[in-house]
file my_file23.txt (compact mmCIF, C-alpha atoms)
# COMPACT_ATOMS: atom_id res chain seq x y z
CA MET P 959 -85.36 23.50 49.83
CA GLU P 960 -88.49 21.90 51.29
CA SER P 961 -88.94 22.37 55.03
CA PRO P 962 -88.98 19.35 57.42
CA LYS P 963 -92.53 20.26 58.45
CA ARG P 964 -93.68 20.02 54.85
CA LYS P 965 -92.01 16.61 54.47
CA ILE P 966 -93.74 15.29 57.59
CA GLN P 967 -97.10 16.50 56.31
CA CYS P 968 -96.59 14.74 52.98
CA LEU P 969 -95.65 11.52 54.72
CA THR P 970 -98.69 11.57 56.97
CA ASN P 971 -101.11 12.31 54.06
CA PRO P 972 -99.42 10.75 51.06
CA ASP P 973 -102.48 10.05 48.93
CA ARG P 974 -105.94 11.52 49.45
CA ILE P 975 -107.48 9.36 46.70
CA SER P 976 -106.33 6.19 48.43
CA ASP P 977 -107.74 7.32 51.76
CA LEU P 978 -111.24 8.06 50.52
CA PRO P 979 -113.97 6.32 52.56
CA SER P 980 -115.45 3.21 50.98
CA GLU P 981 -118.85 4.90 50.63
CA ILE P 982 -117.39 7.67 48.48
CA LYS P 983 -115.47 5.16 46.37
CA GLU P 984 -118.70 3.29 45.76
CA ASN P 985 -120.53 6.48 44.76
CA ILE P 986 -117.79 7.25 42.27
CA LEU P 987 -117.70 3.78 40.76
CA VAL P 988 -121.46 3.44 40.22
CA ARG P 989 -121.49 6.76 38.33
CA ILE P 990 -118.97 5.83 35.64
CA PRO P 991 -119.14 3.18 32.90
CA ILE P 992 -118.39 -0.22 34.33
CA GLU P 993 -115.33 -0.82 32.11
CA GLN P 994 -113.82 2.39 33.47
CA ALA P 995 -114.64 1.30 37.01
CA VAL P 996 -112.49 -1.79 36.48
CA ARG P 997 -109.59 0.39 35.29
CA THR P 998 -109.54 2.24 38.63
CA CYS P 999 -107.64 -0.76 40.02
CA VAL P 1000 -104.40 0.92 38.82
CA LEU P 1001 -104.90 4.03 40.98
CA SER P 1002 -103.47 2.50 44.13
CA THR P 1003 -103.44 -0.67 46.18
CA LYS P 1004 -106.52 0.49 48.08
CA TRP P 1005 -108.42 0.86 44.79
CA LYS P 1006 -107.22 -2.44 43.40
CA SER P 1007 -110.33 -4.39 44.46
CA ALA P 1008 -112.81 -1.56 44.97
CA TRP P 1009 -114.70 -2.34 41.75
CA LYS P 1010 -115.36 -5.90 42.94
CA SER P 1011 -117.97 -4.74 45.45
CA ILE P 1012 -120.01 -2.37 43.27
CA PRO P 1013 -123.68 -3.09 44.09
CA ASP P 1014 -125.19 -1.61 40.90
CA LEU P 1015 -123.96 -3.19 37.66
CA SER P 1016 -124.74 -1.85 34.20
CA PHE P 1017 -123.38 -3.50 31.03
CA THR P 1018 -123.71 -1.95 27.56
CA ASN P 1019 -122.09 -2.27 24.14
CA SER P 1020 -119.48 0.28 25.22
CA ILE P 1021 -117.67 -2.55 27.00
CA VAL P 1022 -116.40 -3.74 23.62
CA ARG P 1023 -114.32 -1.07 21.93
CA THR P 1024 -112.32 -2.78 19.27
CA SER P 1025 -111.43 -2.10 15.68
CA ASN P 1026 -112.18 -5.71 14.80
CA PRO P 1027 -115.40 -5.66 12.74
CA ASN P 1028 -116.00 -9.37 13.27
CA PRO P 1029 -119.26 -9.56 15.32
CA THR P 1030 -118.36 -13.02 16.65
CA ASN P 1031 -115.15 -11.73 18.21
CA ARG P 1032 -116.92 -8.72 19.68
CA LEU P 1033 -119.64 -10.92 21.16
CA SER P 1034 -117.04 -13.27 22.65
CA LYS P 1035 -115.22 -10.35 24.27
CA PHE P 1036 -118.49 -8.94 25.61
CA ILE P 1037 -119.49 -12.23 27.25
CA ARG P 1038 -116.00 -12.83 28.68
CA PHE P 1039 -116.01 -9.41 30.31
CA ILE P 1040 -119.34 -10.02 32.10
CA ASP P 1041 -118.29 -13.56 33.05
CA MET P 1042 -115.07 -12.23 34.55
CA PHE P 1043 -116.79 -9.41 36.37
CA LEU P 1044 -119.45 -11.60 37.98
CA LEU P 1045 -116.92 -14.30 38.86
CA LEU P 1046 -114.64 -11.85 40.70
CA HIS P 1047 -117.41 -9.82 42.30
CA ASN P 1048 -117.37 -10.41 46.05
CA GLY P 1049 -120.31 -8.41 47.43
CA PRO P 1050 -124.09 -8.27 47.18
CA ILE P 1051 -125.51 -7.22 43.82
CA ARG P 1052 -128.43 -4.85 44.21
CA LYS P 1053 -129.06 -4.03 40.55
CA PHE P 1054 -128.13 -5.75 37.28
CA SER P 1055 -128.73 -3.90 34.00
CA LEU P 1056 -127.95 -5.13 30.52
CA PHE P 1057 -128.55 -3.03 27.39
CA THR P 1058 -127.14 -4.53 24.23
CA SER P 1059 -127.78 -5.72 20.70
CA PHE P 1060 -125.59 -8.82 21.12
CA PRO P 1061 -127.30 -12.25 21.16
CA PHE P 1062 -126.06 -14.27 24.12
CA HIS P 1063 -128.87 -16.63 25.09
CA ASP P 1064 -126.64 -19.33 26.58
CA ALA P 1065 -124.81 -16.88 28.82
CA ILE P 1066 -127.92 -15.41 30.47
CA GLU P 1067 -128.72 -18.58 32.40
CA ARG P 1068 -125.38 -18.67 34.22
CA TRP P 1069 -125.57 -14.93 34.91
CA ILE P 1070 -129.03 -15.32 36.44
CA LEU P 1071 -127.71 -18.19 38.57
CA ILE P 1072 -125.02 -15.90 40.02
CA LEU P 1073 -127.50 -13.07 40.57
CA SER P 1074 -129.96 -15.32 42.38
CA LYS P 1075 -127.26 -16.06 44.98
CA ASN P 1076 -126.38 -12.39 45.51
CA LYS P 1077 -129.65 -10.96 46.86
CA ILE P 1078 -130.47 -9.22 43.57
CA GLU P 1079 -133.23 -6.59 43.90
CA GLU P 1080 -133.47 -5.12 40.40
CA ILE P 1081 -133.04 -6.76 37.01
CA CYS P 1082 -133.17 -4.86 33.74
CA ILE P 1083 -132.41 -6.76 30.53
CA GLU P 1084 -133.10 -5.07 27.20
CA LEU P 1085 -132.03 -6.50 23.89
CA ASN P 1086 -132.25 -4.56 20.67
CA ALA P 1087 -135.55 -5.24 18.92
CA LEU P 1088 -133.63 -6.35 15.79
CA SER P 1089 -131.91 -9.21 17.61
CA PHE P 1090 -133.46 -12.56 18.44
CA PRO P 1091 -135.40 -12.59 21.75
CA PHE P 1092 -133.75 -14.33 24.67
CA MET P 1093 -135.32 -17.12 26.70
CA ILE P 1094 -135.95 -16.32 30.38
CA PRO P 1095 -134.42 -19.20 32.35
CA TYR P 1096 -136.34 -20.94 35.14
CA LEU P 1097 -133.69 -19.74 37.57
CA PHE P 1098 -135.06 -16.23 37.12
CA CYS P 1099 -137.96 -17.17 39.40
CA SER P 1100 -135.51 -18.04 42.18
CA CYS P 1101 -134.58 -14.35 42.56
CA CYS P 1102 -137.13 -14.03 45.35
CA LEU P 1103 -135.94 -10.62 46.61
CA LEU P 1104 -136.63 -8.79 43.35
CA ARG P 1105 -138.28 -5.38 43.73
CA LYS P 1106 -138.08 -4.26 40.11
CA ILE P 1107 -138.16 -6.19 36.82
CA GLN P 1108 -137.66 -4.61 33.40
CA LEU P 1109 -137.42 -6.91 30.38
CA ALA P 1110 -137.46 -6.26 26.64
CA ASN P 1111 -137.41 -8.70 23.72
CA CYS P 1112 -137.65 -11.94 25.69
CA ILE P 1113 -139.52 -15.25 25.56
CA SER P 1114 -141.01 -17.26 28.40
CA GLU P 1115 -143.56 -20.06 28.16
CA PHE P 1116 -144.10 -21.50 31.63
CA LEU P 1117 -143.60 -20.62 35.26
CA PRO P 1118 -142.02 -23.45 37.24
CA LEU P 1119 -144.38 -25.32 39.56
CA SER P 1120 -142.20 -24.34 42.51
CA PHE P 1121 -142.67 -20.61 41.82
CA GLU P 1122 -144.09 -18.94 44.93
CA GLY P 1123 -144.17 -15.42 43.54
CA PHE P 1124 -142.17 -12.22 43.85
CA LYS P 1125 -143.45 -11.08 47.25
CA LEU P 1126 -141.41 -7.84 47.24
CA LEU P 1127 -141.89 -6.85 43.59
CA HIS P 1128 -143.35 -3.36 43.18
CA SER P 1129 -142.43 -2.51 39.56
CA LEU P 1130 -142.86 -4.68 36.45
CA LYS P 1131 -142.08 -3.39 32.94
CA LEU P 1132 -142.28 -5.63 29.86
CA LYS P 1133 -141.70 -4.65 26.24
CA ASP P 1134 -141.86 -6.78 23.09
CA CYS P 1135 -141.99 -9.98 25.14
CA ILE P 1136 -143.52 -13.27 24.03
CA MET P 1137 -145.11 -15.29 26.84
CA GLY P 1138 -147.10 -18.48 27.12
CA ASP P 1139 -150.73 -18.78 28.18
CA ASP P 1140 -151.38 -17.46 31.68
CA TYR P 1141 -147.70 -16.65 32.30
CA LEU P 1142 -148.30 -12.93 32.69
CA ASN P 1143 -151.54 -13.50 34.63
CA HIS P 1144 -149.81 -15.69 37.21
CA LEU P 1145 -146.77 -13.44 37.38
CA ILE P 1146 -148.97 -10.46 38.27
CA ALA P 1147 -151.23 -12.41 40.63
CA LYS P 1148 -148.24 -13.74 42.56
CA SER P 1149 -146.76 -10.28 43.07
CA PRO P 1150 -148.99 -8.99 45.90
CA ASN P 1151 -147.10 -5.70 46.36
CA LEU P 1152 -147.04 -4.70 42.68
CA GLU P 1153 -147.62 -0.94 42.35
CA ASP P 1154 -146.25 -0.05 38.90
CA LEU P 1155 -147.16 -2.10 35.81
CA ASP P 1156 -145.94 -1.06 32.35
CA LEU P 1157 -146.81 -3.31 29.40
CA ASP P 1158 -145.82 -2.67 25.79
CA LEU P 1159 -146.79 -5.97 24.22
CA ASP P 1160 -148.58 -7.59 21.35
CA LEU P 1161 -151.40 -8.96 23.48
CA MET P 1162 -152.92 -10.69 20.47
CA GLU P 1163 -150.29 -13.39 21.09
CA PHE P 1164 -151.61 -14.25 24.55
CA GLY P 1165 -154.06 -16.98 25.53
CA GLU P 1166 -157.76 -16.60 26.19
CA ASN P 1167 -157.59 -14.01 28.95
CA LEU P 1168 -155.50 -11.19 30.26
CA ILE P 1169 -156.29 -10.91 33.97
CA ILE P 1170 -154.74 -8.09 35.96
CA ASN P 1171 -155.24 -8.97 39.60
CA ALA P 1172 -153.16 -6.47 41.56
CA GLN P 1173 -154.90 -4.93 44.53
CA ASN P 1174 -152.07 -2.48 45.33
CA LEU P 1175 -151.58 -1.22 41.77
CA LYS P 1176 -151.06 2.56 41.59
CA ILE P 1177 -149.57 3.10 38.12
CA LEU P 1178 -150.65 1.28 34.96
CA LYS P 1179 -149.37 1.95 31.45
CA ILE P 1180 -150.37 -0.26 28.53
CA GLU P 1181 -149.38 0.02 24.88
CA GLY P 1182 -149.41 -2.34 21.91
CA ARG P 1183 -152.02 -4.42 20.11
CA TRP P 1184 -154.86 -5.60 22.32
CA LYS P 1185 -156.50 -9.00 22.30
CA LYS P 1186 -160.27 -9.59 22.16
CA GLU P 1187 -160.90 -10.38 25.81
CA LEU P 1188 -159.99 -8.48 28.96
CA GLU P 1189 -160.76 -8.96 32.63
CA ILE P 1190 -160.30 -6.13 35.15
CA LEU P 1191 -160.42 -6.94 38.85
CA GLY P 1192 -160.53 -4.53 41.74
CA HIS P 1193 -160.88 -0.77 41.76
CA PHE P 1194 -158.32 0.21 39.13
CA ILE P 1195 -160.75 0.41 36.21
CA LYS P 1196 -159.75 4.09 36.11
CA TYR P 1197 -156.43 3.13 34.54
CA PHE P 1198 -158.22 1.71 31.50
CA SER P 1199 -160.77 4.46 30.96
CA GLU P 1200 -158.66 6.47 28.49
CA ILE P 1201 -157.43 3.48 26.44
CA SER P 1202 -159.11 2.67 23.13
CA PHE P 1203 -159.88 -1.05 22.72
CA VAL P 1204 -161.00 -1.19 19.09
CA ASN P 1205 -160.82 -5.00 18.86
CA LEU P 1206 -162.10 -5.91 22.32
CA LYS P 1207 -165.15 -8.20 22.21
CA VAL P 1208 -165.35 -9.63 25.74
CA LEU P 1209 -165.06 -7.52 28.90
CA LYS P 1210 -165.25 -8.69 32.52
CA LEU P 1211 -165.44 -6.14 35.33
CA GLU P 1212 -165.55 -6.24 39.09
CA MET P 1213 -166.81 -2.90 40.40
CA ASP P 1214 -169.33 -1.04 42.55
CA LEU P 1215 -172.08 0.44 40.37
CA SER P 1216 -173.04 2.81 43.19
CA ASP P 1217 -169.57 4.40 43.25
CA HIS P 1218 -169.99 7.44 40.99
CA LYS P 1219 -166.24 7.84 40.42
CA LEU P 1220 -165.92 4.27 39.17
CA ASP P 1221 -169.13 4.71 37.14
CA TYR P 1222 -167.55 7.61 35.28
CA PHE P 1223 -164.49 5.52 34.39
CA ALA P 1224 -166.69 2.58 33.39
CA LEU P 1225 -168.74 4.78 31.05
CA SER P 1226 -165.56 6.03 29.39
CA LEU P 1227 -164.39 2.42 29.02
CA PHE P 1228 -167.68 1.41 27.38
CA GLN P 1229 -167.36 4.30 24.94
CA ASN P 1230 -163.86 3.10 24.00
CA THR P 1231 -164.96 -0.47 23.22
CA PRO P 1232 -167.05 -0.12 20.03
CA MET P 1233 -166.84 -3.83 19.11
CA LEU P 1234 -167.83 -5.16 22.54
CA GLU P 1235 -170.15 -8.17 22.25
CA LYS P 1236 -170.14 -9.70 25.74
CA LEU P 1237 -170.12 -7.85 29.06
CA TYR P 1238 -169.82 -9.53 32.46
CA ILE P 1239 -170.03 -7.48 35.67
CA LYS P 1240 -169.63 -8.51 39.28
CA ASN P 1241 -171.33 -5.73 41.23
CA MET P 1242 -169.54 -5.40 44.57
CA VAL P 1243 -171.78 -2.94 46.42
CA GLU P 1244 -170.51 -1.62 49.74
CA GLN P 1245 -173.17 1.05 50.24
CA ASP P 1246 -175.72 2.05 47.65
CA MET P 1247 -175.52 5.83 47.78
CA GLY P 1248 -177.85 5.97 44.80
CA GLN P 1249 -180.79 5.12 47.05
CA VAL P 1250 -180.38 8.55 48.63
CA ASN P 1251 -178.85 10.77 46.00
CA GLY P 1252 -180.00 9.17 42.76
CA THR P 1253 -177.67 7.24 40.51
CA PHE P 1254 -175.06 8.16 37.96
CA TRP P 1255 -176.63 5.86 35.40
CA LYS P 1256 -179.99 7.67 35.35
CA SER P 1257 -178.42 10.76 33.84
CA ALA P 1258 -175.39 9.27 32.11
CA PRO P 1259 -175.00 9.98 28.36
CA LYS P 1260 -176.04 6.92 26.38
CA GLU P 1261 -174.59 7.72 22.96
CA ASN P 1262 -172.01 5.39 21.39
CA ILE P 1263 -172.18 2.61 23.98
CA PHE P 1264 -173.17 -1.04 23.62
CA THR P 1265 -173.74 -0.70 19.85
CA ASN P 1266 -172.59 -4.30 19.26
CA LEU P 1267 -173.42 -5.84 22.63
CA LYS P 1268 -175.15 -9.23 22.34
CA HIS P 1269 -174.77 -10.79 25.79
CA PHE P 1270 -174.93 -9.12 29.22
CA GLU P 1271 -174.50 -10.85 32.57
CA ILE P 1272 -174.31 -9.35 36.04
CA CYS P 1273 -173.71 -10.94 39.42
CA HIS P 1274 -174.62 -8.78 42.40
CA ASP P 1275 -174.63 -8.76 46.19
CA HIS P 1276 -178.05 -7.25 46.77
CA GLU P 1277 -180.82 -5.29 45.10
CA SER P 1278 -179.95 -1.64 44.51
CA ASN P 1279 -181.15 1.41 42.65
CA SER P 1280 -177.78 1.54 40.91
CA LEU P 1281 -178.21 -1.97 39.54
CA CYS P 1282 -181.68 -1.24 38.21
CA ALA P 1283 -180.54 2.04 36.63
CA PHE P 1284 -177.60 0.36 34.91
CA ALA P 1285 -179.85 -2.47 33.69
CA LYS P 1286 -182.09 0.16 32.13
CA VAL P 1287 -179.13 1.68 30.30
CA VAL P 1288 -178.12 -1.69 28.85
CA LEU P 1289 -181.65 -2.66 27.78
CA SER P 1290 -182.45 0.73 26.29
CA THR P 1291 -179.25 1.18 24.28
CA ALA P 1292 -178.05 -2.29 23.13
CA SER P 1293 -179.97 -2.73 19.87
CA LEU P 1294 -178.32 -6.09 19.10
CA LEU P 1295 -178.73 -7.55 22.59
CA GLU P 1296 -179.87 -11.18 22.67
CA THR P 1297 -179.46 -12.30 26.29
CA PHE P 1298 -179.69 -10.34 29.53
CA TYR P 1299 -178.86 -12.45 32.59
CA ILE P 1300 -178.85 -11.52 36.28
CA VAL P 1301 -177.05 -13.91 38.64
CA ASN P 1302 -177.93 -14.35 42.32
CA PRO P 1303 -181.51 -15.61 42.63
CA GLU P 1304 -181.76 -14.73 46.31
CA ARG P 1305 -181.29 -11.03 45.65
CA ALA P 1306 -182.62 -10.48 42.15
CA PRO P 1307 -184.20 -7.06 41.57
CA PRO P 1308 -187.99 -6.91 41.11
CA VAL P 1309 -188.82 -8.54 37.79
CA LYS P 1310 -191.53 -5.97 37.08
CA LYS P 1311 -188.96 -3.17 36.98
CA LEU P 1312 -187.09 -4.97 34.21
CA LEU P 1313 -190.20 -5.98 32.25
CA TRP P 1314 -191.38 -2.38 31.94
CA ILE P 1315 -188.04 -1.04 30.67
CA LYS P 1316 -188.16 -0.03 27.02
CA ARG P 1317 -185.80 -2.28 25.05
CA ALA P 1318 -183.73 -1.26 22.06
CA SER P 1319 -183.57 -4.86 20.84
CA ASN P 1320 -186.64 -6.86 19.92
CA LYS P 1321 -184.71 -10.14 20.22
CA VAL P 1322 -183.50 -9.85 23.80
CA GLU P 1323 -184.44 -12.46 26.38
CA VAL P 1324 -184.28 -11.39 30.04
CA TYR P 1325 -183.28 -14.12 32.49
CA VAL P 1326 -183.83 -13.38 36.18
CA PRO P 1327 -183.50 -16.57 38.24
CA ARG P 1328 -186.01 -16.85 41.07
CA LYS P 1329 -185.38 -18.31 44.48
CA VAL P 1330 -186.74 -21.84 44.71

call {"tool": "encode", "arguments": {"input": "my_file23.txt", "output": "structure tokens"}}
result
Amino acid sequence: MESPKRKIQCLTNPDRISDLPSEIKENILVRIPIEQAVRTCVLSTKWKSAWKSIPDLSFTNSIVRTSNPNPTNRLSKFIRFIDMFLLLHNGPIRKFSLFTSFPFHDAIERWILILSKNKIEEICIELNALSFPFMIPYLFCSCCLLRKIQLANCISEFLPLSFEGFKLLHSLKLKDCIMGDDYLNHLIAKSPNLEDLDLDLDLMEFGENLIINAQNLKILKIEGRWKKELEILGHFIKYFSEISFVNLKVLKLEMDLSDHKLDYFALSLFQNTPMLEKLYIKNMVEQDMGQVNGTFWKSAPKENIFTNLKHFEICHDHESNSLCAFAKVVLSTASLLETFYIVNPERAPPVKKLLWIKRASNKVEVYVPRKV
């Protein structure tokens, strides 16, 4: 026979699962598949609505477990589940992840609408590469608190005119996406805090230029087919130095030719662009250390660079030993060079220095504007 003391203890602590703190419940729910999280509503009355406030949502094909082989029925069940979940959810949504092979283009727009009103911080949508790509709705740009975006197999042509940028975005990952001219350029430029950029795209599908203007970028990973023109702004040329650009014909750089670390990365980049025909450089010199210690370009290896270069143009802040040394490298190695142009007539280097440089091309014309 059970003692009275034991009965009192059972009455005072009837159910430890029901009395778990909300923080622990949340930690449990975010670590199990979302369809199982919904089933926890049968545990007790205190668990009945716990799943409705999960901040991190992840939907996969596992939601639909049915013996019905009809793909239409499975798709309908999949969409209804997500519709129901988002409709009944009553808390902020921090993260929304969707990994599936189901096509559901019409449903995405209403899901994005709900997310935009719930302070969403991370969106990850990945469709199987065998399915049709989904169209990114305009409402996606209204998710102004986004910190991380990861998209795969999507289409987007234009940014809305009202788009002011993702001011908090620090991670952007795109795979097998089709985008209109300048979409990616503007998306990157209007994300001032972007630190991690991962692109796995067919860049041959883009417009005239791919411009990566991200001053705070720390991690850059690029895969896929490259287009014929690339512009690199800022000091993250180092991220491109180990990438082979076999089809690249036009390259635009903004760098400091007196910075030996950047010079090393630039040289590696030139060696990895065998088909380069046009090179534009904006020389942003902060302090020409080459005037004291000599320059990187005087002793740099000159094999396998500028073999197809036909046009070279450089805009600079002031005359420097680094500029003259680099000009010598271009003139002495580019055997197909036709035009060599230096911009900034007020600070052009001495013309005599350029005239006495031995030229690999007998067709090159050197243009050095003079101050009027």

call {"tool": "residues_around", "arguments": {"input": "my_file23.txt", "residues": "range 1001-1017 of chain P", "least_positions_apart": "5", "cutoff": "10 Å", "atoms": "all atoms listed in the file", "output": "number ranges by chain"}}
result
P: 973, 975-978, 980, 983-996, 1036, 1039-1040, 1043-1058, 1076, 1078-1083

call {"tool": "atom_distance", "arguments": {"input": "my_file23.txt", "atom1": "CA of Tyr1096 in chain P", "atom2": "CA of Asp1134 in chain P"}}
result
19.4 Å

call {"tool": "residues_around", "arguments": {"input": "my_file23.txt", "residues": "Ala1172 in chain P", "least_positions_apart": "4", "cutoff": "7 Å", "atoms": "all atoms listed in the file", "output": "PDB file with C-alpha atoms, in the coordinates of the input"}}
result
ATOM      1  CA  ILE P1146    -148.970 -10.460  38.270  1.00  0.00           C
ATOM      2  CA  ALA P1147    -151.230 -12.410  40.630  1.00  0.00           C
ATOM      3  CA  PRO P1150    -148.990  -8.990  45.900  1.00  0.00           C
ATOM      4  CA  LEU P1152    -147.040  -4.700  42.680  1.00  0.00           C
TER       5      LEU P1152
END

call {"tool": "axis_aligned_box", "arguments": {"input": "my_file23.txt", "around": "range 1105-1120 of chain P", "padding_each_side": "8 Å", "output": "lines of an AutoDock Vina configuration file"}}
result
center_x = -140.9
center_y = -14.8
center_z = 33.7
size_x = 23.0
size_y = 37.1
size_z = 36.0

call {"tool": "residues_around", "arguments": {"input": "my_file23.txt", "residues": "Ala1065 in chain P", "least_positions_apart": "6", "cutoff": "12 Å", "atoms": "all atoms listed in the file", "output": "PDB file with C-alpha atoms, in the frame of the given file"}}
result
ATOM      1  CA  LEU P1033    -119.640 -10.920  21.160  1.00  0.00           C
ATOM      2  CA  SER P1034    -117.040 -13.270  22.650  1.00  0.00           C
ATOM      3  CA  PHE P1036    -118.490  -8.940  25.610  1.00  0.00           C
ATOM      4  CA  ILE P1037    -119.490 -12.230  27.250  1.00  0.00           C
ATOM      5  CA  ARG P1038    -116.000 -12.830  28.680  1.00  0.00           C
ATOM      6  CA  PHE P1039    -116.010  -9.410  30.310  1.00  0.00           C
ATOM      7  CA  ILE P1040    -119.340 -10.020  32.100  1.00  0.00           C
ATOM      8  CA  ASP P1041    -118.290 -13.560  33.050  1.00  0.00           C
ATOM      9  CA  LEU P1044    -119.450 -11.600  37.980  1.00  0.00           C
ATOM     10  CA  LEU P1071    -127.710 -18.190  38.570  1.00  0.00           C
ATOM     11  CA  ILE P1072    -125.020 -15.900  40.020  1.00  0.00           C
ATOM     12  CA  PHE P1092    -133.750 -14.330  24.670  1.00  0.00           C
ATOM     13  CA  MET P1093    -135.320 -17.120  26.700  1.00  0.00           C
ATOM     14  CA  ILE P1094    -135.950 -16.320  30.380  1.00  0.00           C
ATOM     15  CA  PRO P1095    -134.420 -19.200  32.350  1.00  0.00           C
TER      16      PRO P1095
END

call {"tool": "closest_residue", "arguments": {"input": "my_file23.txt", "among": "P:Asn1143, P:Thr1030, P:Thr1231, P:Ser1226", "to": "Leu1209 in chain P", "atoms": "only C-alpha atoms"}}
result
P:Thr1231

call {"tool": "closest_residue", "arguments": {"input": "my_file23.txt", "among": "P:Asn1171, P:Ser1149, P:Ser1114, P:Thr998", "to": "His1128 in chain P", "atoms": "all atoms listed in the file"}}
result
P:Ser1149

call {"tool": "closest_residue", "arguments": {"input": "my_file23.txt", "among": "P:Ile1300, P:Ile1113, P:Leu1294, P:Met1042", "to": "Ser1319 in chain P", "atoms": "all atoms listed in the file"}}
result
P:Leu1294

call {"tool": "closest_residue", "arguments": {"input": "my_file23.txt", "among": "P:Leu1211, P:Leu1145, P:Pro1029, P:Thr1018", "to": "Asn1086 in chain P", "atoms": "only C-alpha atoms"}}
result
P:Thr1018
